[in-house]
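S.K.: Following this message is one structure expressed as C-alpha cells.
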Amino acid sequence: MILSKIFKNTLIVLTACLVLSACATKKEIATDIKGSMQGDVYTGTDTVEYLAEGVPDRVFFATNESILTTASRETLRAQAAWMRKNSSINVVLEGHADERGTREYNLALGERRANAAKDYLMTYGISSDRITVLSYGKERPVDSGSNPLSWSKNRRSVTVKAN
Amino acid sequence: MIKKIITLFLILIPINSYALIEVDITRGNLDPLPVAVSPLSIDEKSRKSFEKTLNKENIGEEISSIVENNLSTSGLFNPLNKEAFLQAPDIANLKPRFEDWNLIKAQALITGKVNYVDDKLRVEFRLWDVLAAKEMMALAFTTVPTNWRRVGHIISDKVYERLTGEKGYFDTRIIYVAEEGPKTQRIKKLSIMDQDGFNNKFLTLGNELVLTPRFNPTSQMVTYLSYFKNLPRVYLLDIETGTQEVVGDFPGMTFAPRFSPDGKKIIMSLAKDGKSDIYTMDLENRIVERITNHPSIDTSPSYSPDGKFITFNSDRSGYQQIYIMKSDGSNVKRISFGNGLYGTPVWSPRGDLIAFTKLHKGKFYIGVMRTDGKGERLLTENYYQEAPSWSPNGRVLIFYRETKTNDKGEGFTAKLWSIDLTGYNERQIKTPTDASDPSWSSLLSN
C-alpha cells in the first residue's frame with residue numbers, strides 16, 4: 001500500500017517536471033528510466049527503423065520542445081548524407097507529439113518538430129523540394145503506454161521515403 | 001429547413017406571468033425539483049395508427065419517457081416513479097386532482113395527449129403547478145410522425161424554459177468523432193447524434209483520419225479537419241446533402257477550424273515552416289485574411305458571440321496560454337496567468353465566460369474564466385480530458401476524456417462527458433463507439 005503510494009507520488013512529481021521542461025531535476029529523472037532517456041528525450045532504439053545501414057529514421061524531442069539534441073543532429077546528418085548519395089529519393093518528415101497535450105496544439109507542435117528536422121537537412125544541402133512535412137499531432141503514437149518512457153518514444157519526427 | 005418542419009402554436013397564454021415554482025440554475029442543485037411526468041394519453045385508434053407507422057406500441061409513453069430522461073439528466077429535476085401516480089393520464093390532462101399529485105410530493109406535473117390527425121402527429125401538453133393548483137403552460141405541436149423524438153425534446157425545452165427562465169438545450173445534436181481500433185492505429189469517423197445519444201449516424205467511412213468537427217450557427221454545416229490523401233486540410237460538409245469541399249487553397253496544413261458567429265467565415269490555423277498562425281476565410285467571396293503573424297504556435301481560435309473578439313491559445317510566452325484580441329488581430333492580450341498550461345479556449349454563447357482545458361502537475365482540468373482572465377474556476381480534474389463545447393444556453397459543457405492505459409499499454413478508452421457550469425452533474429454521454437471532439441449544435445427549434 002505505502003509503496004504504491006510513494007510510487008504514485010513520484011510519478012506525479014515526475015510528470016510535473018516533464019510538463020515544465022525547464023525543471024531543475026531533469027537529469028535526476030533520466031537515471032530512473034533505465035538509461036533510455038536523457039532529460040526526457042528518448043535515447044533508446046526500440047522503435048527506430050533504418051533507412052539504410054547506419055541511417056536511423058527518426059529523432060526524438062523533449063516535452064513541448066522542438067529543439068534538436070546532439071544525437072538528433074547526428075541522425076539527421078546521416079540522413080542528409082544518405083539523401084545526397086541517393087539523389088532520386090524524396091522524403092516525408094512526419095512530426096508527432098505525445099498524448100499529454102491538447103489535440104490542436106499538438107498538431108502544430110508536430111509540424112514544428114518536423115520542420116526543425118527539415119531545416120537541419122537543408123543546412124546539409126538537401127533541397128526543400130525533396131522534403132514534405134506532415135504532422136500527425138498525437139494521432140499516431142508508436143507506443144500506447146501512459147508513462148514517461150512511452151511518451152518519449154512518441155515525441156518524434158520520422159523520415160519516411162516518399163518514392 | 002429543420003425549423004420549418006414543426007409548427008407550434010399556443011393554446012392558452014399562461015395565466016400567471018410569474019412562475020410560482022422556480023428552479024435556480026445558477027448554483028449546484030442538490031435538491032432537484034420533484035416533477036411528475038404523466039404519460040401522454042392516446043386513444044386506441046391513434047395508438048394503432050402510430051404502431052403501424054412508427055412500430056412503437058405506445059408513442060405517448062415513448063415521448064413522455066424522452067421528457068423524463070431529459071429532465072432527469074439536466075440534474076435540476078427529479079421525475080417521480082410512475083407507479084405511484086394515482087390519476088389516469090387522460091383525466092389528469094383534463095383536470096388534475098392536485099391533492100393526489102401533492103400526496104406523492106410532485107411540485108410540477110406534465111400531462112398531455114397524442115393524436116393521429118391526417119397522417120400527422122399532434123401532441124398537446126400542459127405544465128401544472130401542483131402547490132398553487134394552476135396551469136402554467138399549454139402548447140400543441142403538429143409534425144410528421146417520424147419527428148416524435150424531437151417532439152419529446154421540444155416539450156422538455158419548453159418545460160425547462162418555463163421553470164428556469166432560460167432556454168433549454170434538449171432539441172439539439174452533437175457532432176463528434178467516433179473512434180475504434182488500437183491506440184496506435186485509431187480509425188476515426190465523423191458522427192452525429194441527438195443530444196441524448198439517439199439517432200446516431202456516421203457521416204464518413206473511416207478511410208481517412210478526421211478530427212475536430214464544429215457546427216455552423218444554423219447547425220446545417222460542419223467544418224472539420226480531414227487527412228484525405230494525406231493532406232491535412234480544413235473541410236466543409238453540408239450535413240443534409242453530404243457535399244464536402246476543401247476550405248481555401250493554403251500552402252500547408254490547415255486545422256482547428258470554427259465558424260464565425262454569423263456563419264459567414266471560417267477561422268482556423270495554418271501551420272507552415274514551423275509556425276502556426278490564425279487565418280479567416282470568407283465563405284462567400286473566398287477572401288483569406290491573416291489574423292496573427294508570430295513565430296509561435298497560435299491555434300484553437302474561437303470568436304466571441306458578437307464577432308468582435310477572438311480568443312486563442314499561443315505559446316509566444318514560452319508555454320501554451322490563452323489570449324484574446326480584436327477580430328482584426330489587433331490588441332492581443334494574454335488572459336491566463338494561473339499555474340500550468342492553458343488550451344482550447346471557447347467563448348460562451350452568453351459572452352461572459354471562456355471555457356478551457358488546463359494542464360497542471362500532470363492533471364487535466366476543464367474550467368472557465370471571465371473574458372479578462374479573472375475568476376478562474378476548475379470544474380473537473382482527470383488523467384486526460386479536453387475540448388469543451390458549450391450547450392446553446394451556456395449552462396452545460398460537453399468534452400471528451402481519455403483513460404490511462406495499463407502497463408501493457410491496454411485499456412485505452414475515449415468517451416464523451418458533460419458537466420454543468422456549476423461544477424455539478426457530471427455524466428458520461430453514451431455513444432455506440434469510443435468518442436472524442438464533441439461539438440454541440442444550436443437549438444434546432446426555437
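Letters A, B, ... go to the chains of the C-alpha cells in the order shown; residues in each chain start at 1; ligands are counted from 1 in the same order.
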Which chain A residues are at most 6 Å from chain B (counting only C-alpha atoms), as a list in words?
M.R.: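 Contact residues on the first chain: Thr15, Ala16, Glu104, Glu111, Arg112, Asn115, Arg140, Pro141, Val142, Ser144, Gly145 and Ser146 of chain A.
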S.K.: May I have the selected residues written with N, CA and C atoms, as a PDB file, in the first residue's frame?
M.R.:
ATOM      1  N   THR A  15       5.863  13.629 -13.638  1.00  0.00           N
ATOM      2  CA  THR A  15       5.080  14.187 -14.728  1.00  0.00           C
ATOM      3  C   THR A  15       5.120  15.694 -14.674  1.00  0.00           C
ATOM      4  N   ALA A  16       5.025  16.213 -13.445  1.00  0.00           N
ATOM      5  CA  ALA A  16       5.036  17.661 -13.285  1.00  0.00           C
ATOM      6  C   ALA A  16       6.324  18.232 -13.858  1.00  0.00           C
ATOM      7  N   GLU A 104      -5.240  20.137 -30.873  1.00  0.00           N
ATOM      8  CA  GLU A 104      -4.895  21.148 -31.874  1.00  0.00           C
ATOM      9  C   GLU A 104      -3.476  21.684 -31.670  1.00  0.00           C
ATOM     10  N   GLU A 111       4.119  19.673 -36.438  1.00  0.00           N
ATOM     11  CA  GLU A 111       4.603  20.369 -37.628  1.00  0.00           C
ATOM     12  C   GLU A 111       5.907  21.103 -37.326  1.00  0.00           C
ATOM     13  N   ARG A 112       5.973  21.700 -36.149  1.00  0.00           N
ATOM     14  CA  ARG A 112       7.175  22.443 -35.756  1.00  0.00           C
ATOM     15  C   ARG A 112       8.377  21.493 -35.614  1.00  0.00           C
ATOM     16  N   ASN A 115       9.556  20.356 -38.986  1.00  0.00           N
ATOM     17  CA  ASN A 115      10.255  21.461 -39.639  1.00  0.00           C
ATOM     18  C   ASN A 115      11.658  21.681 -39.102  1.00  0.00           C
ATOM     19  N   ARG A 140      -0.981   9.362 -34.009  1.00  0.00           N
ATOM     20  CA  ARG A 140      -0.349   8.093 -34.382  1.00  0.00           C
ATOM     21  C   ARG A 140       0.836   7.759 -33.467  1.00  0.00           C
ATOM     22  N   PRO A 141       0.536   7.451 -32.195  1.00  0.00           N
ATOM     23  CA  PRO A 141       1.635   7.070 -31.300  1.00  0.00           C
ATOM     24  C   PRO A 141       2.230   5.724 -31.729  1.00  0.00           C
ATOM     25  N   VAL A 142       3.524   5.489 -31.458  1.00  0.00           N
ATOM     26  CA  VAL A 142       4.096   4.159 -31.715  1.00  0.00           C
ATOM     27  C   VAL A 142       3.948   3.285 -30.481  1.00  0.00           C
ATOM     28  N   SER A 144       1.625   2.671 -27.025  1.00  0.00           N
ATOM     29  CA  SER A 144       0.323   3.043 -26.460  1.00  0.00           C
ATOM     30  C   SER A 144       0.360   3.181 -24.941  1.00  0.00           C
ATOM     31  N   GLY A 145       1.537   3.134 -24.350  1.00  0.00           N
ATOM     32  CA  GLY A 145       1.651   3.253 -22.896  1.00  0.00           C
ATOM     33  C   GLY A 145       1.312   4.643 -22.396  1.00  0.00           C
ATOM     34  N   SER A 146       0.927   4.716 -21.119  1.00  0.00           N
ATOM     35  CA  SER A 146       0.650   6.009 -20.481  1.00  0.00           C
ATOM     36  C   SER A 146       1.701   6.270 -19.421  1.00  0.00           C
TER      37      SER A 146
END
S.K.: Please list as a ChimeraX atom specification every residue within 9 Å of range 415-427 of chain B, counting only C-alpha atoms and excluding residues in the same chain fewer than 6 positions away.
M.R.: /B:25-30,73-75,176,367-368,377-380,388,394-403,433-438
S.K.: What lies within 12 Å of Lys105 in chain B using only C-alpha atoms, ignoring chain neighbours under 3 positions off, as a PDB file with N, CA and C atoms, in the first residue's frame?
M.R.:
ATOM      1  N   LEU B  33     -35.993  19.468  -8.398  1.00  0.00           N
ATOM      2  CA  LEU B  33     -37.443  19.652  -8.255  1.00  0.00           C
ATOM      3  C   LEU B  33     -38.202  18.362  -8.589  1.00  0.00           C
ATOM      4  N   PRO B  34     -39.031  17.861  -7.643  1.00  0.00           N
ATOM      5  CA  PRO B  34     -39.800  16.654  -7.942  1.00  0.00           C
ATOM      6  C   PRO B  34     -40.901  16.967  -8.967  1.00  0.00           C
ATOM      7  N   VAL B  35     -40.868  16.252 -10.062  1.00  0.00           N
ATOM      8  CA  VAL B  35     -41.837  16.506 -11.127  1.00  0.00           C
ATOM      9  C   VAL B  35     -42.470  15.182 -11.555  1.00  0.00           C
ATOM     10  N   ALA B  36     -43.793  15.214 -11.779  1.00  0.00           N
ATOM     11  CA  ALA B  36     -44.494  14.016 -12.252  1.00  0.00           C
ATOM     12  C   ALA B  36     -44.737  14.164 -13.747  1.00  0.00           C
ATOM     13  N   ASN B  78     -36.315  16.015 -10.680  1.00  0.00           N
ATOM     14  CA  ASN B  78     -36.360  14.628 -10.240  1.00  0.00           C
ATOM     15  C   ASN B  78     -37.695  14.010 -10.665  1.00  0.00           C
ATOM     16  N   PRO B  79     -37.760  13.371 -11.835  1.00  0.00           N
ATOM     17  CA  PRO B  79     -39.017  12.767 -12.284  1.00  0.00           C
ATOM     18  C   PRO B  79     -39.415  11.617 -11.347  1.00  0.00           C
ATOM     19  N   LEU B  80     -40.655  11.645 -10.890  1.00  0.00           N
ATOM     20  CA  LEU B  80     -41.107  10.666  -9.894  1.00  0.00           C
ATOM     21  C   LEU B  80     -41.518   9.356 -10.551  1.00  0.00           C
ATOM     22  N   ASN B  81     -41.469   8.306  -9.758  1.00  0.00           N
ATOM     23  CA  ASN B  81     -41.824   6.976 -10.227  1.00  0.00           C
ATOM     24  C   ASN B  81     -43.303   6.907 -10.627  1.00  0.00           C
ATOM     25  N   ALA B  84     -46.379   5.320  -8.671  1.00  0.00           N
ATOM     26  CA  ALA B  84     -47.044   5.998  -7.558  1.00  0.00           C
ATOM     27  C   ALA B  84     -48.187   6.907  -8.030  1.00  0.00           C
ATOM     28  N   PHE B  85     -48.314   7.089  -9.366  1.00  0.00           N
ATOM     29  CA  PHE B  85     -49.325   8.024  -9.871  1.00  0.00           C
ATOM     30  C   PHE B  85     -50.728   7.462  -9.622  1.00  0.00           C
ATOM     31  N   PHE B  98     -55.182  17.845  -7.838  1.00  0.00           N
ATOM     32  CA  PHE B  98     -53.891  18.294  -7.295  1.00  0.00           C
ATOM     33  C   PHE B  98     -53.523  17.632  -5.967  1.00  0.00           C
ATOM     34  N   GLU B  99     -54.574  17.279  -5.156  1.00  0.00           N
ATOM     35  CA  GLU B  99     -54.292  16.622  -3.860  1.00  0.00           C
ATOM     36  C   GLU B  99     -53.516  15.334  -4.088  1.00  0.00           C
ATOM     37  N   ASP B 100     -53.921  14.597  -5.154  1.00  0.00           N
ATOM     38  CA  ASP B 100     -53.261  13.314  -5.449  1.00  0.00           C
ATOM     39  C   ASP B 100     -51.786  13.512  -5.791  1.00  0.00           C
ATOM     40  N   TRP B 101     -51.512  14.542  -6.570  1.00  0.00           N
ATOM     41  CA  TRP B 101     -50.128  14.786  -7.012  1.00  0.00           C
ATOM     42  C   TRP B 101     -49.308  15.361  -5.871  1.00  0.00           C
ATOM     43  N   ASN B 102     -49.988  16.125  -5.034  1.00  0.00           N
ATOM     44  CA  ASN B 102     -49.358  16.683  -3.855  1.00  0.00           C
ATOM     45  C   ASN B 102     -48.923  15.581  -2.891  1.00  0.00           C
ATOM     46  N   ALA B 108     -44.347  19.867  -9.727  1.00  0.00           N
ATOM     47  CA  ALA B 108     -44.816  20.203 -11.066  1.00  0.00           C
ATOM     48  C   ALA B 108     -45.359  18.934 -11.704  1.00  0.00           C
ATOM     49  N   LEU B 109     -46.317  19.121 -12.601  1.00  0.00           N
ATOM     50  CA  LEU B 109     -46.931  17.980 -13.272  1.00  0.00           C
ATOM     51  C   LEU B 109     -46.992  18.268 -14.770  1.00  0.00           C
ATOM     52  N   ASP B 129     -48.645  23.692 -11.980  1.00  0.00           N
ATOM     53  CA  ASP B 129     -48.031  23.960 -10.680  1.00  0.00           C
ATOM     54  C   ASP B 129     -48.910  23.274  -9.638  1.00  0.00           C
ATOM     55  N   VAL B 130     -48.411  22.236  -9.024  1.00  0.00           N
ATOM     56  CA  VAL B 130     -49.232  21.407  -8.147  1.00  0.00           C
ATOM     57  C   VAL B 130     -49.633  22.150  -6.862  1.00  0.00           C
ATOM     58  N   LEU B 131     -48.670  22.835  -6.258  1.00  0.00           N
ATOM     59  CA  LEU B 131     -48.958  23.500  -4.984  1.00  0.00           C
ATOM     60  C   LEU B 131     -49.964  24.644  -5.159  1.00  0.00           C
TER      61      LEU B 131
END
S.K.: Run DSSP on the backbone of this structure and report the residues of range 24-143 of chain A it assigns to strand (DSSP E), as a VMD selection string.
M.R.: chain A and resid 37 to 38 41 to 42 50 to 52 55 to 56 58 to 60 91 to 96 131 to 137
S.K.: I need the helix (DSSP H, G or I) residues of range 78-110 of chain B per DSSP on the backbone, written as JSON, numbers by chain.
M.R.: {"B": [82, 83, 84, 89, 90, 91, 92, 93, 94, 98, 99, 100, 101, 102, 103]}
S.K.: Restrict the selected residues to N, CA and C atoms and save them as a PDB file, in the first residue's frame.
M.R.:
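Output file selection-v6.pdb follows:
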ATOM      1  N   LYS B  82     -43.560   6.468 -11.855  1.00  0.00           N
ATOM      2  CA  LYS B  82     -44.932   6.437 -12.393  1.00  0.00           C
ATOM      3  C   LYS B  82     -45.860   5.511 -11.615  1.00  0.00           C
ATOM      4  N   GLU B  83     -45.285   4.504 -10.995  1.00  0.00           N
ATOM      5  CA  GLU B  83     -46.130   3.539 -10.286  1.00  0.00           C
ATOM      6  C   GLU B  83     -46.898   4.185  -9.137  1.00  0.00           C
ATOM      7  N   ALA B  84     -46.379   5.320  -8.671  1.00  0.00           N
ATOM      8  CA  ALA B  84     -47.044   5.998  -7.558  1.00  0.00           C
ATOM      9  C   ALA B  84     -48.187   6.907  -8.030  1.00  0.00           C
ATOM     10  N   PRO B  89     -53.778   9.089 -16.997  1.00  0.00           N
ATOM     11  CA  PRO B  89     -53.216  10.148 -17.831  1.00  0.00           C
ATOM     12  C   PRO B  89     -54.258  11.025 -18.538  1.00  0.00           C
ATOM     13  N   ASP B  90     -55.320  10.392 -19.101  1.00  0.00           N
ATOM     14  CA  ASP B  90     -56.287  11.192 -19.861  1.00  0.00           C
ATOM     15  C   ASP B  90     -57.061  12.154 -18.955  1.00  0.00           C
ATOM     16  N   ILE B  91     -57.402  11.670 -17.753  1.00  0.00           N
ATOM     17  CA  ILE B  91     -58.167  12.521 -16.836  1.00  0.00           C
ATOM     18  C   ILE B  91     -57.266  13.616 -16.251  1.00  0.00           C
ATOM     19  N   ALA B  92     -56.027  13.244 -15.953  1.00  0.00           N
ATOM     20  CA  ALA B  92     -55.083  14.224 -15.412  1.00  0.00           C
ATOM     21  C   ALA B  92     -54.899  15.390 -16.366  1.00  0.00           C
ATOM     22  N   ASN B  93     -54.924  15.093 -17.669  1.00  0.00           N
ATOM     23  CA  ASN B  93     -54.708  16.145 -18.655  1.00  0.00           C
ATOM     24  C   ASN B  93     -55.898  17.109 -18.719  1.00  0.00           C
ATOM     25  N   LEU B  94     -57.100  16.590 -18.399  1.00  0.00           N
ATOM     26  CA  LEU B  94     -58.280  17.455 -18.412  1.00  0.00           C
ATOM     27  C   LEU B  94     -58.318  18.322 -17.161  1.00  0.00           C
ATOM     28  N   PHE B  98     -55.182  17.845  -7.838  1.00  0.00           N
ATOM     29  CA  PHE B  98     -53.891  18.294  -7.295  1.00  0.00           C
ATOM     30  C   PHE B  98     -53.523  17.632  -5.967  1.00  0.00           C
ATOM     31  N   GLU B  99     -54.574  17.279  -5.156  1.00  0.00           N
ATOM     32  CA  GLU B  99     -54.292  16.622  -3.860  1.00  0.00           C
ATOM     33  C   GLU B  99     -53.516  15.334  -4.088  1.00  0.00           C
ATOM     34  N   ASP B 100     -53.921  14.597  -5.154  1.00  0.00           N
ATOM     35  CA  ASP B 100     -53.261  13.314  -5.449  1.00  0.00           C
ATOM     36  C   ASP B 100     -51.786  13.512  -5.791  1.00  0.00           C
ATOM     37  N   TRP B 101     -51.512  14.542  -6.570  1.00  0.00           N
ATOM     38  CA  TRP B 101     -50.128  14.786  -7.012  1.00  0.00           C
ATOM     39  C   TRP B 101     -49.308  15.361  -5.871  1.00  0.00           C
ATOM     40  N   ASN B 102     -49.988  16.125  -5.034  1.00  0.00           N
ATOM     41  CA  ASN B 102     -49.358  16.683  -3.855  1.00  0.00           C
ATOM     42  C   ASN B 102     -48.923  15.581  -2.891  1.00  0.00           C
ATOM     43  N   LEU B 103     -49.784  14.572  -2.819  1.00  0.00           N
ATOM     44  CA  LEU B 103     -49.545  13.437  -1.931  1.00  0.00           C
ATOM     45  C   LEU B 103     -48.238  12.722  -2.246  1.00  0.00           C
TER      46      LEU B 103
END
S.K.: Would you please work out which residue, of B:Phe50, B:Asp31, B:Ala138, B:Leu71, is nearest to Asp157 in chain B when using only C-alpha atoms?
M.R.: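 For Asp157 in chain B, the nearest of the given residues is B:Leu71.
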S.K.: Skipping near chain neighbours, those fewer than 4 positions away, what residues fall within 8 Å of Val133 in chain A using only C-alpha atoms, listed as a ChimeraX atom specification?
M.R.: /A:92-95,111,114-115,118
S.K.: Could the residues in this selection be saved with N, CA and C atoms as a PDB file, in the first residue's frame?
M.R.:
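Saved to part.pdb:
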ATOM      1  N   VAL A  92       9.211  12.239 -46.702  1.00  0.00           N
ATOM      2  CA  VAL A  92       8.194  12.931 -45.911  1.00  0.00           C
ATOM      3  C   VAL A  92       8.676  12.914 -44.465  1.00  0.00           C
ATOM      4  N   LEU A  93       8.691  14.078 -43.838  1.00  0.00           N
ATOM      5  CA  LEU A  93       9.033  14.141 -42.424  1.00  0.00           C
ATOM      6  C   LEU A  93       7.734  14.180 -41.627  1.00  0.00           C
ATOM      7  N   GLU A  94       7.493  13.118 -40.858  1.00  0.00           N
ATOM      8  CA  GLU A  94       6.250  13.020 -40.104  1.00  0.00           C
ATOM      9  C   GLU A  94       6.494  13.418 -38.657  1.00  0.00           C
ATOM     10  N   GLY A  95       5.891  14.544 -38.263  1.00  0.00           N
ATOM     11  CA  GLY A  95       6.094  15.054 -36.903  1.00  0.00           C
ATOM     12  C   GLY A  95       4.987  14.583 -35.971  1.00  0.00           C
ATOM     13  N   GLU A 111       4.119  19.673 -36.438  1.00  0.00           N
ATOM     14  CA  GLU A 111       4.603  20.369 -37.628  1.00  0.00           C
ATOM     15  C   GLU A 111       5.907  21.103 -37.326  1.00  0.00           C
ATOM     16  N   ALA A 114       8.793  18.490 -37.135  1.00  0.00           N
ATOM     17  CA  ALA A 114       9.201  18.001 -38.455  1.00  0.00           C
ATOM     18  C   ALA A 114       9.967  19.098 -39.199  1.00  0.00           C
ATOM     19  N   ASN A 115       9.556  20.356 -38.986  1.00  0.00           N
ATOM     20  CA  ASN A 115      10.255  21.461 -39.639  1.00  0.00           C
ATOM     21  C   ASN A 115      11.658  21.681 -39.102  1.00  0.00           C
ATOM     22  N   LYS A 118      13.568  19.281 -40.944  1.00  0.00           N
ATOM     23  CA  LYS A 118      13.695  19.726 -42.339  1.00  0.00           C
ATOM     24  C   LYS A 118      14.783  20.798 -42.478  1.00  0.00           C
TER      25      LYS A 118
END
S.K.: Compile the contact shell of range 40-53 of chain A as a list in words: residues with an atom at most 6 Å away, counting only C-alpha atoms, same-chain residues fewer than 3 positions apart removed.
M.R.: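 Everything that qualifies: Ser36, Met37, Pro56, Asp57, Phe60, Phe61, Ala62, Ser152 and Lys153 of chain A.
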S.K.: Can you list, as number ranges by chain, every protein, DNA or RNA residue that comes within 7 Å of Thr371 in chain B when you count only C-alpha atoms, leaving out same-chain residues fewer than 2 positions away?
M.R.: B: 352-354, 369, 373
S.K.: Can I get the selected residues back with C-alpha atoms, as a PDB file, in the first residue's frame?
M.R.:
ATOM      1  CA  ASP B 352     -19.182  36.429 -20.341  1.00  0.00           C
ATOM      2  CA  LEU B 353     -17.009  33.325 -19.920  1.00  0.00           C
ATOM      3  CA  ILE B 354     -14.290  31.385 -21.682  1.00  0.00           C
ATOM      4  CA  MET B 369     -12.692  32.091 -16.568  1.00  0.00           C
ATOM      5  CA  GLY B 373      -8.939  36.109 -17.228  1.00  0.00           C
TER       6      GLY B 373
END
S.K.: Just how far from CA of Val177 in chain B is CA of Leu190 in chain B, in Å to one decimal?
M.R.: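 It comes out at 4.8 Å.
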S.K.: Do a neighbour search on Asn154 in chain A at 7 Å with only C-alpha atoms, toss out local chain neighbours closer than 3 positions, and write the hits as a short mmCIF file (atom, residue, chain, number, x, y, z; two decimals) with N, CA and C atoms, in the first residue's frame.
M.R.:
data_model
loop_
_atom_site.label_atom_id
_atom_site.label_comp_id
_atom_site.auth_asym_id
_atom_site.auth_seq_id
_atom_site.Cartn_x
_atom_site.Cartn_y
_atom_site.Cartn_z
N HIS A 96 5.39 14.19 -34.75
CA HIS A 96 4.42 13.65 -33.78
C HIS A 96 4.60 14.26 -32.41
N ALA A 97 3.52 14.18 -31.62
CA ALA A 97 3.55 14.65 -30.23
C ALA A 97 3.04 13.53 -29.33
N ASP A 98 3.29 13.66 -28.03
CA ASP A 98 2.74 12.65 -27.11
C ASP A 98 1.30 12.99 -26.77
N PRO A 141 0.54 7.45 -32.20
CA PRO A 141 1.63 7.07 -31.30
C PRO A 141 2.23 5.72 -31.73
N VAL A 142 3.52 5.49 -31.46
CA VAL A 142 4.10 4.16 -31.71
C VAL A 142 3.95 3.28 -30.48
N ASP A 143 3.85 3.93 -29.32
CA ASP A 143 3.75 3.20 -28.07
C ASP A 143 2.47 3.64 -27.37
N SER A 150 7.00 5.81 -22.62
CA SER A 150 6.17 5.70 -23.83
C SER A 150 6.01 7.05 -24.50
N TRP A 151 5.72 8.07 -23.68
CA TRP A 151 5.53 9.40 -24.25
C TRP A 151 6.80 9.86 -24.97
#
S.K.: So which one's closest to Gly329 in chain B, B:Thr311, B:Ser442, B:Ser156, B:Thr172? Using only C-alpha atoms, please.
M.R.: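 The shortest atom-to-atom distance to Gly329 in chain B comes from B:Thr311.
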S.K.: Could you check which of A:Asn163, A:Ser157, A:Thr132, A:Asn106 is closest to Thr75 in chain A, using only C-alpha atoms?
M.R.: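 Checking each candidate against Thr75 in chain A, we get A:Ser157 as the closest.
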